[in-house]
Every structure is written in C-alpha cells, then in structure tokens.
>>> print(open('final.cif').read())   # mmCIF, N, CA and C atoms and all ligand atoms
data_target
loop_
_atom_site.label_atom_id
_atom_site.label_comp_id
_atom_site.auth_asym_id
_atom_site.auth_seq_id
_atom_site.Cartn_x
_atom_site.Cartn_y
_atom_site.Cartn_z
N MET A 706 -21.92 -17.95 6.41
CA MET A 706 -21.41 -19.26 5.98
C MET A 706 -19.92 -19.35 6.28
N ILE A 707 -19.47 -20.57 6.50
CA ILE A 707 -18.06 -20.81 6.80
C ILE A 707 -17.63 -22.02 5.98
N VAL A 708 -16.45 -21.94 5.41
CA VAL A 708 -15.98 -23.04 4.56
C VAL A 708 -14.78 -23.72 5.21
N PHE A 709 -14.80 -25.06 5.22
CA PHE A 709 -13.68 -25.82 5.76
C PHE A 709 -13.14 -26.75 4.69
N ASN A 710 -11.85 -26.96 4.71
CA ASN A 710 -11.24 -27.98 3.86
C ASN A 710 -11.38 -29.30 4.61
N LEU A 711 -11.98 -30.27 3.96
CA LEU A 711 -12.25 -31.55 4.61
C LEU A 711 -11.53 -32.68 3.88
N GLY A 712 -11.34 -33.79 4.60
CA GLY A 712 -10.73 -34.96 3.99
C GLY A 712 -11.38 -36.23 4.54
N CYS A 713 -11.45 -37.28 3.71
CA CYS A 713 -12.04 -38.54 4.16
C CYS A 713 -10.94 -39.56 4.42
N GLU A 714 -11.29 -40.74 4.87
CA GLU A 714 -10.32 -41.79 5.19
C GLU A 714 -9.51 -42.22 3.97
N ASN A 715 -10.07 -42.00 2.78
CA ASN A 715 -9.39 -42.41 1.54
C ASN A 715 -8.58 -41.27 0.92
N SER A 716 -8.25 -40.30 1.75
CA SER A 716 -7.40 -39.17 1.34
C SER A 716 -8.01 -38.30 0.25
N HIS A 717 -9.32 -38.31 0.12
CA HIS A 717 -9.98 -37.38 -0.80
C HIS A 717 -10.10 -36.03 -0.09
N ARG A 718 -9.94 -34.98 -0.84
CA ARG A 718 -10.06 -33.65 -0.25
C ARG A 718 -11.21 -32.91 -0.90
N PHE A 719 -11.97 -32.20 -0.08
CA PHE A 719 -13.10 -31.43 -0.60
C PHE A 719 -13.46 -30.32 0.38
N GLU A 720 -14.28 -29.39 -0.08
CA GLU A 720 -14.71 -28.28 0.77
C GLU A 720 -16.09 -28.54 1.32
N GLY A 721 -16.31 -28.14 2.57
CA GLY A 721 -17.64 -28.25 3.16
C GLY A 721 -18.10 -26.88 3.63
N TRP A 722 -19.35 -26.54 3.31
CA TRP A 722 -19.90 -25.25 3.71
C TRP A 722 -20.87 -25.46 4.87
N PHE A 723 -20.70 -24.63 5.91
CA PHE A 723 -21.53 -24.76 7.11
C PHE A 723 -22.00 -23.38 7.58
N ALA A 724 -23.12 -23.39 8.33
CA ALA A 724 -23.67 -22.13 8.84
C ALA A 724 -22.73 -21.53 9.89
N SER A 725 -22.04 -22.39 10.64
CA SER A 725 -21.14 -21.93 11.70
C SER A 725 -20.23 -23.09 12.08
N SER A 726 -19.23 -22.83 12.93
CA SER A 726 -18.36 -23.94 13.33
C SER A 726 -19.12 -24.91 14.24
N GLU A 727 -20.16 -24.40 14.96
CA GLU A 727 -20.99 -25.29 15.78
C GLU A 727 -21.77 -26.26 14.88
N ASP A 728 -22.28 -25.70 13.77
CA ASP A 728 -23.01 -26.48 12.79
C ASP A 728 -22.10 -27.57 12.21
N PHE A 729 -20.85 -27.19 11.94
CA PHE A 729 -19.86 -28.13 11.42
C PHE A 729 -19.64 -29.27 12.42
N GLU A 730 -19.40 -28.90 13.71
CA GLU A 730 -19.15 -29.90 14.75
C GLU A 730 -20.33 -30.88 14.87
N ARG A 731 -21.54 -30.29 14.81
CA ARG A 731 -22.75 -31.11 14.96
C ARG A 731 -22.87 -32.10 13.81
N GLN A 732 -22.66 -31.60 12.58
CA GLN A 732 -22.81 -32.46 11.40
C GLN A 732 -21.74 -33.54 11.35
N ILE A 733 -20.50 -33.17 11.73
CA ILE A 733 -19.40 -34.15 11.74
C ILE A 733 -19.68 -35.20 12.81
N GLY A 734 -20.13 -34.74 14.02
CA GLY A 734 -20.42 -35.64 15.14
C GLY A 734 -21.52 -36.63 14.78
N SER A 735 -22.49 -36.20 14.01
CA SER A 735 -23.61 -37.07 13.62
C SER A 735 -23.32 -37.82 12.32
N LYS A 736 -22.09 -37.67 11.80
CA LYS A 736 -21.67 -38.31 10.55
C LYS A 736 -22.61 -37.96 9.38
N LEU A 737 -23.06 -36.70 9.40
CA LEU A 737 -23.94 -36.23 8.32
C LEU A 737 -23.12 -35.78 7.11
N VAL A 738 -21.82 -35.55 7.36
CA VAL A 738 -20.96 -35.12 6.26
C VAL A 738 -20.29 -36.35 5.67
N THR A 739 -20.47 -36.52 4.38
CA THR A 739 -19.84 -37.67 3.71
C THR A 739 -19.01 -37.19 2.53
N CYS A 740 -18.01 -37.98 2.17
CA CYS A 740 -17.15 -37.63 1.05
C CYS A 740 -17.94 -37.68 -0.25
N PRO A 741 -17.89 -36.61 -1.05
CA PRO A 741 -18.64 -36.60 -2.31
C PRO A 741 -18.07 -37.57 -3.34
N LEU A 742 -16.87 -38.06 -3.12
CA LEU A 742 -16.22 -38.96 -4.08
C LEU A 742 -16.45 -40.43 -3.78
N CYS A 743 -16.42 -40.78 -2.46
CA CYS A 743 -16.55 -42.20 -2.12
C CYS A 743 -17.63 -42.47 -1.09
N GLY A 744 -18.21 -41.42 -0.54
CA GLY A 744 -19.31 -41.60 0.41
C GLY A 744 -18.84 -41.94 1.81
N ASN A 745 -17.54 -41.93 2.07
CA ASN A 745 -17.00 -42.22 3.40
C ASN A 745 -17.47 -41.17 4.40
N ALA A 746 -17.90 -41.60 5.57
CA ALA A 746 -18.45 -40.67 6.57
C ALA A 746 -17.45 -40.32 7.65
N ASN A 747 -16.25 -40.89 7.62
CA ASN A 747 -15.22 -40.54 8.60
C ASN A 747 -14.41 -39.35 8.07
N VAL A 748 -15.10 -38.19 8.10
CA VAL A 748 -14.54 -36.96 7.54
C VAL A 748 -13.88 -36.14 8.63
N THR A 749 -12.72 -35.62 8.33
CA THR A 749 -12.04 -34.75 9.28
C THR A 749 -11.69 -33.42 8.62
N ARG A 750 -11.52 -32.40 9.45
CA ARG A 750 -11.18 -31.08 8.95
C ARG A 750 -9.68 -31.00 8.69
N LEU A 751 -9.30 -30.44 7.55
CA LEU A 751 -7.88 -30.26 7.20
C LEU A 751 -7.52 -28.79 7.37
N LEU A 752 -6.27 -28.57 7.68
CA LEU A 752 -5.81 -27.19 7.75
C LEU A 752 -5.62 -26.66 6.34
N HIS A 753 -5.79 -25.36 6.18
CA HIS A 753 -5.51 -24.74 4.88
C HIS A 753 -4.04 -24.91 4.56
N ALA A 754 -3.73 -25.17 3.33
CA ALA A 754 -2.36 -25.41 2.90
C ALA A 754 -1.44 -24.28 3.34
N ALA A 755 -1.93 -23.05 3.29
CA ALA A 755 -1.12 -21.88 3.61
C ALA A 755 -0.69 -21.85 5.07
N HIS A 756 -1.44 -22.54 5.92
CA HIS A 756 -1.13 -22.51 7.35
C HIS A 756 -0.15 -23.59 7.75
N ILE A 757 0.19 -24.47 6.82
CA ILE A 757 1.09 -25.57 7.14
C ILE A 757 2.52 -25.17 6.77
N GLY A 758 3.45 -25.51 7.63
CA GLY A 758 4.86 -25.24 7.32
C GLY A 758 5.32 -23.92 7.89
N LYS A 759 5.45 -22.93 7.02
CA LYS A 759 6.03 -21.64 7.44
C LYS A 759 5.22 -20.98 8.55
N PRO A 760 5.92 -20.57 9.63
CA PRO A 760 5.21 -19.78 10.63
C PRO A 760 4.91 -18.39 10.06
N VAL A 761 3.78 -17.85 10.46
CA VAL A 761 3.41 -16.53 9.95
C VAL A 761 4.23 -15.46 10.67
N SER A 762 4.91 -14.64 9.91
CA SER A 762 5.71 -13.57 10.49
C SER A 762 4.82 -12.41 10.88
N LYS A 763 4.91 -12.01 12.15
CA LYS A 763 4.08 -10.90 12.62
C LYS A 763 4.81 -9.56 12.45
N GLU A 764 6.12 -9.63 12.20
CA GLU A 764 6.90 -8.40 12.16
C GLU A 764 6.68 -7.57 10.90
N ARG A 765 6.31 -8.22 9.81
CA ARG A 765 6.21 -7.50 8.54
C ARG A 765 4.96 -6.64 8.44
N ARG A 766 3.95 -6.96 9.21
CA ARG A 766 2.68 -6.25 9.06
C ARG A 766 2.74 -4.74 9.30
N PRO A 767 3.31 -4.28 10.43
CA PRO A 767 3.34 -2.82 10.64
C PRO A 767 4.12 -2.09 9.56
N ALA A 768 5.23 -2.70 9.11
CA ALA A 768 6.05 -2.07 8.07
C ALA A 768 5.23 -1.84 6.81
N ARG A 769 4.42 -2.82 6.45
CA ARG A 769 3.60 -2.70 5.25
C ARG A 769 2.55 -1.61 5.43
N ALA A 770 1.97 -1.53 6.63
CA ALA A 770 0.95 -0.51 6.90
C ALA A 770 1.56 0.88 6.81
N GLU A 771 2.79 1.02 7.33
CA GLU A 771 3.46 2.32 7.30
C GLU A 771 3.72 2.79 5.87
N SER A 772 4.21 1.87 5.04
CA SER A 772 4.54 2.27 3.68
C SER A 772 3.27 2.62 2.91
N ALA A 773 2.17 1.95 3.25
CA ALA A 773 0.90 2.27 2.59
C ALA A 773 0.47 3.69 2.95
N ALA A 774 0.67 4.05 4.23
CA ALA A 774 0.30 5.40 4.67
C ALA A 774 1.21 6.44 4.03
N ALA A 775 2.48 6.08 3.88
CA ALA A 775 3.45 7.03 3.34
C ALA A 775 3.21 7.33 1.86
N THR A 776 2.65 6.37 1.13
CA THR A 776 2.43 6.58 -0.29
C THR A 776 1.08 7.23 -0.57
N ALA A 777 0.23 7.37 0.46
CA ALA A 777 -1.08 7.98 0.26
C ALA A 777 -0.93 9.46 -0.09
N GLN A 778 -1.76 9.93 -0.99
CA GLN A 778 -1.72 11.34 -1.38
C GLN A 778 -2.30 12.20 -0.26
N GLN A 779 -1.77 13.40 -0.14
CA GLN A 779 -2.27 14.34 0.86
C GLN A 779 -3.30 15.25 0.21
N TYR A 780 -4.33 15.56 0.99
CA TYR A 780 -5.38 16.45 0.49
C TYR A 780 -5.72 17.50 1.53
N ALA A 781 -6.21 18.63 1.09
CA ALA A 781 -6.68 19.66 2.00
C ALA A 781 -7.95 20.27 1.43
N ASN A 782 -8.91 20.58 2.33
CA ASN A 782 -10.17 21.17 1.84
C ASN A 782 -10.10 22.69 1.89
N VAL A 783 -9.09 23.26 1.24
CA VAL A 783 -8.86 24.70 1.32
C VAL A 783 -9.57 25.48 0.22
N GLY A 784 -10.08 24.80 -0.77
CA GLY A 784 -10.71 25.52 -1.88
C GLY A 784 -9.69 25.93 -2.90
N SER A 785 -10.11 26.03 -4.15
CA SER A 785 -9.16 26.26 -5.23
C SER A 785 -8.52 27.66 -5.16
N GLU A 786 -9.25 28.67 -4.61
CA GLU A 786 -8.68 30.02 -4.52
C GLU A 786 -7.50 30.07 -3.56
N VAL A 787 -7.66 29.44 -2.40
CA VAL A 787 -6.59 29.41 -1.40
C VAL A 787 -5.39 28.67 -1.98
N LEU A 788 -5.68 27.57 -2.64
CA LEU A 788 -4.62 26.76 -3.23
C LEU A 788 -3.89 27.56 -4.31
N ALA A 789 -4.64 28.26 -5.13
CA ALA A 789 -4.04 29.07 -6.20
C ALA A 789 -3.12 30.13 -5.60
N ARG A 790 -3.57 30.79 -4.51
CA ARG A 790 -2.73 31.81 -3.86
C ARG A 790 -1.47 31.18 -3.29
N LEU A 791 -1.62 30.01 -2.70
CA LEU A 791 -0.48 29.30 -2.12
C LEU A 791 0.53 28.94 -3.22
N VAL A 792 0.01 28.44 -4.31
CA VAL A 792 0.88 28.06 -5.43
C VAL A 792 1.60 29.30 -5.96
N GLU A 793 0.84 30.43 -6.10
CA GLU A 793 1.44 31.68 -6.55
C GLU A 793 2.60 32.06 -5.62
N HIS A 794 2.34 31.94 -4.31
CA HIS A 794 3.35 32.28 -3.31
C HIS A 794 4.59 31.40 -3.47
N ILE A 795 4.35 30.11 -3.68
CA ILE A 795 5.48 29.18 -3.85
C ILE A 795 6.25 29.52 -5.12
N VAL A 796 5.51 29.81 -6.19
CA VAL A 796 6.15 30.15 -7.46
C VAL A 796 7.00 31.41 -7.31
N GLU A 797 6.46 32.41 -6.57
CA GLU A 797 7.19 33.66 -6.36
C GLU A 797 8.45 33.47 -5.53
N ASN A 798 8.43 32.47 -4.67
CA ASN A 798 9.53 32.31 -3.72
C ASN A 798 10.42 31.10 -3.97
N THR A 799 10.35 30.56 -5.18
CA THR A 799 11.22 29.44 -5.51
C THR A 799 11.93 29.74 -6.82
N GLU A 800 13.04 29.11 -7.00
CA GLU A 800 13.80 29.26 -8.24
C GLU A 800 13.43 28.09 -9.15
N ASP A 801 13.03 28.41 -10.38
CA ASP A 801 12.65 27.36 -11.31
C ASP A 801 13.91 26.77 -11.94
N VAL A 802 14.19 25.51 -11.61
CA VAL A 802 15.38 24.85 -12.17
C VAL A 802 14.99 23.83 -13.25
N GLY A 803 13.68 23.78 -13.54
CA GLY A 803 13.21 22.91 -14.61
C GLY A 803 13.56 21.44 -14.40
N ALA A 804 14.05 20.84 -15.46
CA ALA A 804 14.34 19.40 -15.43
C ALA A 804 15.53 19.05 -14.54
N ALA A 805 16.28 20.06 -14.10
CA ALA A 805 17.43 19.80 -13.22
C ALA A 805 16.99 19.63 -11.76
N PHE A 806 15.66 19.67 -11.55
CA PHE A 806 15.15 19.62 -10.18
C PHE A 806 15.69 18.48 -9.31
N PRO A 807 15.63 17.21 -9.79
CA PRO A 807 16.11 16.12 -8.92
C PRO A 807 17.57 16.29 -8.52
N GLU A 808 18.39 16.71 -9.49
CA GLU A 808 19.82 16.90 -9.26
C GLU A 808 20.07 18.04 -8.26
N GLU A 809 19.38 19.18 -8.50
CA GLU A 809 19.55 20.35 -7.62
C GLU A 809 19.04 20.05 -6.21
N ALA A 810 17.89 19.37 -6.12
CA ALA A 810 17.32 19.05 -4.81
C ALA A 810 18.28 18.17 -4.02
N ARG A 811 18.93 17.25 -4.73
CA ARG A 811 19.89 16.34 -4.10
C ARG A 811 21.13 17.12 -3.62
N LYS A 812 21.59 18.03 -4.48
CA LYS A 812 22.78 18.85 -4.12
C LYS A 812 22.50 19.68 -2.86
N ILE A 813 21.28 20.27 -2.81
CA ILE A 813 20.91 21.08 -1.65
C ILE A 813 20.85 20.20 -0.40
N HIS A 814 20.27 19.01 -0.58
CA HIS A 814 20.14 18.08 0.55
C HIS A 814 21.51 17.70 1.10
N TYR A 815 22.47 17.48 0.22
CA TYR A 815 23.81 17.07 0.65
C TYR A 815 24.75 18.28 0.84
N GLN A 816 24.14 19.49 0.82
CA GLN A 816 24.86 20.74 1.07
C GLN A 816 26.03 20.94 0.11
N GLU A 817 25.83 20.55 -1.13
CA GLU A 817 26.86 20.75 -2.16
C GLU A 817 26.63 22.07 -2.88
N THR A 818 25.50 22.69 -2.58
CA THR A 818 25.16 23.98 -3.18
C THR A 818 24.37 24.76 -2.13
N PRO A 819 24.38 26.12 -2.20
CA PRO A 819 23.68 26.90 -1.15
C PRO A 819 22.21 26.49 -1.00
N ASP A 820 21.76 26.44 0.25
CA ASP A 820 20.38 26.06 0.55
C ASP A 820 19.43 27.11 0.01
N ARG A 821 18.49 26.67 -0.80
CA ARG A 821 17.47 27.58 -1.31
C ARG A 821 16.25 26.78 -1.73
N ARG A 822 15.15 27.52 -1.95
CA ARG A 822 13.89 26.86 -2.36
C ARG A 822 13.88 26.78 -3.89
N ILE A 823 13.65 25.59 -4.38
CA ILE A 823 13.60 25.41 -5.84
C ILE A 823 12.32 24.66 -6.23
N ARG A 824 11.99 24.76 -7.50
CA ARG A 824 10.89 23.95 -8.04
C ARG A 824 11.32 23.51 -9.43
N GLY A 825 10.65 22.51 -9.94
CA GLY A 825 10.99 22.02 -11.27
C GLY A 825 10.23 20.74 -11.56
N THR A 826 10.69 20.05 -12.55
CA THR A 826 9.98 18.84 -12.95
C THR A 826 10.79 17.60 -12.59
N ALA A 827 10.08 16.52 -12.33
CA ALA A 827 10.73 15.25 -12.00
C ALA A 827 9.74 14.13 -12.30
N SER A 828 10.29 12.99 -12.62
CA SER A 828 9.42 11.84 -12.87
C SER A 828 9.05 11.22 -11.52
N ARG A 829 8.04 10.38 -11.55
CA ARG A 829 7.59 9.66 -10.36
C ARG A 829 8.76 8.87 -9.74
N ASP A 830 9.57 8.22 -10.58
CA ASP A 830 10.70 7.42 -10.09
C ASP A 830 11.74 8.29 -9.42
N GLU A 831 11.98 9.48 -10.04
CA GLU A 831 12.97 10.39 -9.46
C GLU A 831 12.51 10.89 -8.10
N ILE A 832 11.21 11.19 -7.99
CA ILE A 832 10.65 11.65 -6.72
C ILE A 832 10.77 10.56 -5.67
N ASP A 833 10.46 9.32 -6.06
CA ASP A 833 10.57 8.20 -5.12
C ASP A 833 12.01 8.05 -4.64
N ALA A 834 12.97 8.19 -5.57
CA ALA A 834 14.39 8.07 -5.23
C ALA A 834 14.79 9.18 -4.26
N LEU A 835 14.33 10.41 -4.51
CA LEU A 835 14.65 11.54 -3.64
C LEU A 835 14.10 11.31 -2.23
N LYS A 836 12.85 10.85 -2.17
CA LYS A 836 12.21 10.62 -0.87
C LYS A 836 12.95 9.53 -0.10
N GLU A 837 13.43 8.51 -0.83
CA GLU A 837 14.17 7.43 -0.18
C GLU A 837 15.48 7.96 0.42
N GLU A 838 16.04 8.99 -0.21
CA GLU A 838 17.28 9.58 0.31
C GLU A 838 16.99 10.59 1.41
N GLY A 839 15.72 10.84 1.69
CA GLY A 839 15.35 11.76 2.76
C GLY A 839 15.17 13.20 2.32
N VAL A 840 15.12 13.42 1.01
CA VAL A 840 14.92 14.78 0.48
C VAL A 840 13.42 15.09 0.52
N GLU A 841 13.07 16.22 1.16
CA GLU A 841 11.66 16.57 1.24
C GLU A 841 11.20 17.30 -0.01
N VAL A 842 10.24 16.71 -0.71
CA VAL A 842 9.67 17.34 -1.90
C VAL A 842 8.16 17.17 -1.86
N VAL A 843 7.45 18.12 -2.45
CA VAL A 843 6.00 18.00 -2.56
C VAL A 843 5.59 18.22 -4.01
N ALA A 844 4.50 17.56 -4.40
CA ALA A 844 3.96 17.76 -5.73
C ALA A 844 3.19 19.07 -5.75
N LEU A 845 3.36 19.87 -6.80
CA LEU A 845 2.70 21.17 -6.90
C LEU A 845 1.72 21.20 -8.06
N PRO A 846 0.49 21.62 -7.80
CA PRO A 846 -0.46 21.79 -8.89
C PRO A 846 -0.31 23.19 -9.50
N ILE A 847 0.73 23.39 -10.27
CA ILE A 847 1.00 24.72 -10.83
C ILE A 847 0.07 24.98 -12.02
N PRO A 848 -0.68 26.11 -11.96
CA PRO A 848 -1.60 26.41 -13.06
C PRO A 848 -0.84 26.69 -14.36
N ALA A 849 -1.46 26.36 -15.46
CA ALA A 849 -0.81 26.45 -16.78
C ALA A 849 -0.22 27.83 -17.05
N HIS A 850 -0.92 28.91 -16.60
CA HIS A 850 -0.43 30.25 -16.91
C HIS A 850 0.86 30.60 -16.18
N ARG A 851 1.24 29.81 -15.16
CA ARG A 851 2.48 30.08 -14.45
C ARG A 851 3.63 29.21 -14.96
N LEU A 852 3.32 28.23 -15.76
CA LEU A 852 4.37 27.34 -16.24
C LEU A 852 5.30 28.11 -17.19
N GLY A 853 6.59 27.86 -17.05
CA GLY A 853 7.57 28.48 -17.94
C GLY A 853 7.96 29.87 -17.52
N LYS A 854 7.27 30.45 -16.48
CA LYS A 854 7.63 31.79 -16.00
C LYS A 854 8.62 31.65 -14.86
N THR A 855 9.67 32.42 -14.91
CA THR A 855 10.65 32.32 -13.82
C THR A 855 10.20 33.16 -12.64
N HIS A 856 9.49 34.30 -12.91
CA HIS A 856 8.96 35.11 -11.81
C HIS A 856 7.67 35.78 -12.21
ZN ZN B 901 -13.47 -40.12 -0.13
#
>>> encode(input="final.cif", output="structure tokens", more="lines below")
Ligand SMILES: [Zn+2]
Amino acid sequence: MIVFNLGCENSHRFEGWFASSEDFERQIGSKLVTCPLCGNANVTRLLHAAHIGKPVSKERRPARAESAAATAQQYANVGSEVLARLVEHIVENTEDVGAAFPEEARKIHYQETPDRRIRGTASRDEIDALKEEGVEVVALPIPAHRLGKTH
C-alpha cells in the first residue's frame, strides 16, 4: 500500500491509500477519487509538508552514521576464561588510581605526568569527555574479587 496526501478544488486535505502509484494514477485519471468532505472529483496529489521549503541536507547523514558506529559497544567471542585472563593481565600491569582516573588519564594524554598504564573508575559523562579529547580508554569488566586490590 502507498499513501498520498491529496487535496480537492475546495482546499480540503485528506489521505488516499492506493495499491501502487500506477493504481493512484489510474484512479485519479478516471476521477474515481473524490473528496470525503465535499465530494469534489478534481483531486490532486499534495507534497508532504516536510518536503516543502527547506532543502534536504545530504551532508549530515554520514556524520550521523559515524557517530552511531562510534558509540556502539565492542564485543568479542573469546569466552569468559580468556576474558578473565586478559582482565587479570590488565590488572597486573596497570596502576589503580581509583576515582582519579579521568584526571590522571588526561594528564598522561597531555604529557603532564609520566606515561603509564592506569585503571580506575569514571562516570559515563567523564568517559565521553575523555574520548572527545582524544584520550583512549576502554571499559573493563573487572571481576569483583579483583576490585580494591592494587596488585
Ligand atoms: Zn473537498
């Protein structure tokens, strides 16, 4: 089915449902479509309101697609054992800075402190802000038994 916005000679507006645009042309040509308000048979197709006036910008589309891809979560089918070992490895090789993580990560990024691997906690907003500044961070599924341990 296809829906068209239609109008009659008396400026009434209504929707018409057709099997196809060919069906629409045929019915309009045979004056089979009449205004439901006044019965006028001189019905014409109207453009959708959204298509009138502003030209559609084609430039914004790719940008929106990119940001959607960038916010998608990453997944790997490595199995929980591999992931646990990886997390253990990361925990062993990073310095736990706790809640100071966003600040420390930023300092490292801007070379205000020696470059090193750190981990810690951050809010979603803080992570978004870091990523906007170009700081590379990843979310870690650290198991409960490793939380609070420095090594
Ligand atoms: Zn009418």
>>> residues_around(input="final.cif", residues="Thr749 (chain A)", least_positions_apart="2", cutoff="8 Å", atoms="all atoms listed in the file", output="list in words")
Phe709, Asn710, Leu711, Gly712, Cys713, Glu714, Ile733, Ala746, Asn747, Leu751 and Leu752 of chain A
>>> atom_distance(input="final.cif", atom1="atom C of Arg790 (chain A)", atom2="atom N of Leu845 (chain A)")
12.8 Å
>>> residues_near_ligand(input="final.cif", ligand="ligand ZN 901 (chain B)", cutoff="6.5 Å", atoms="all atoms listed in the file", output="PyMOL selection string")
chain A and resi 712-718+740-745
>>> atom_distance(input="final.cif", atom1="atom C of Asn798 (chain A)", atom2="CA of Gly825 (chain A)")
11.7 Å
>>> closest_residue(input="final.cif", among="A:Ser785, A:Ser726, A:Gln816, A:Ser735", to="Ile847 (chain A)", atoms="only C-alpha atoms")
A:Ser785
>>> residues_near_point(input="final.cif", point="(16.2, 14.0, 2.2)", cutoff="10 Å", atoms="only C-alpha atoms", output="ChimeraX atom specification")
/A:810-811,813-815,834-842
>>> atom_distance(input="final.cif", atom1="CA of Val792 (chain A)", atom2="atom N of Arg821 (chain A)")
18.3 Å
>>> residues_around(input="final.cif", residues="Pro807 (chain A)", least_positions_apart="6", cutoff="6.5 Å", atoms="only N, CA and C atoms", output="MDAnalysis selection string")
chainID A and resid 826:827 831
>>> residues_near_point(input="final.cif", point="(-14.7, -27.5, 0.2)", cutoff="5 Å", atoms="only N, CA and C atoms", output="list in words")
Phe709, Phe719, Glu720 and Gly721 of chain A
>>> write_last_selection(input="final.cif", atoms="N, CA and C atoms", output="PDB file, keeping the file's coordinate frame")
ATOM      1  N   PHE A 709     -14.800 -25.060   5.220  1.00  0.00           N
ATOM      2  CA  PHE A 709     -13.680 -25.820   5.760  1.00  0.00           C
ATOM      3  C   PHE A 709     -13.140 -26.750   4.690  1.00  0.00           C
ATOM      4  N   PHE A 719     -11.970 -32.200  -0.080  1.00  0.00           N
ATOM      5  CA  PHE A 719     -13.100 -31.430  -0.600  1.00  0.00           C
ATOM      6  C   PHE A 719     -13.460 -30.320   0.380  1.00  0.00           C
ATOM      7  N   GLU A 720     -14.280 -29.390  -0.080  1.00  0.00           N
ATOM      8  CA  GLU A 720     -14.710 -28.280   0.770  1.00  0.00           C
ATOM      9  C   GLU A 720     -16.090 -28.540   1.320  1.00  0.00           C
ATOM     10  N   GLY A 721     -16.310 -28.140   2.570  1.00  0.00           N
ATOM     11  CA  GLY A 721     -17.640 -28.250   3.160  1.00  0.00           C
ATOM     12  C   GLY A 721     -18.100 -26.880   3.630  1.00  0.00           C
TER      13      GLY A 721
END
>>> closest_residue(input="final.cif", among="A:Gly784, A:Gly734, A:Pro819, A:Pro846", to="Val796 (chain A)", atoms="only C-alpha atoms")
A:Pro846
>>> closest_residue(input="final.cif", among="A:Val783, A:Ala789, A:Val802, A:Val748", to="Arg822 (chain A)", atoms="only N, CA and C atoms")
A:Val802
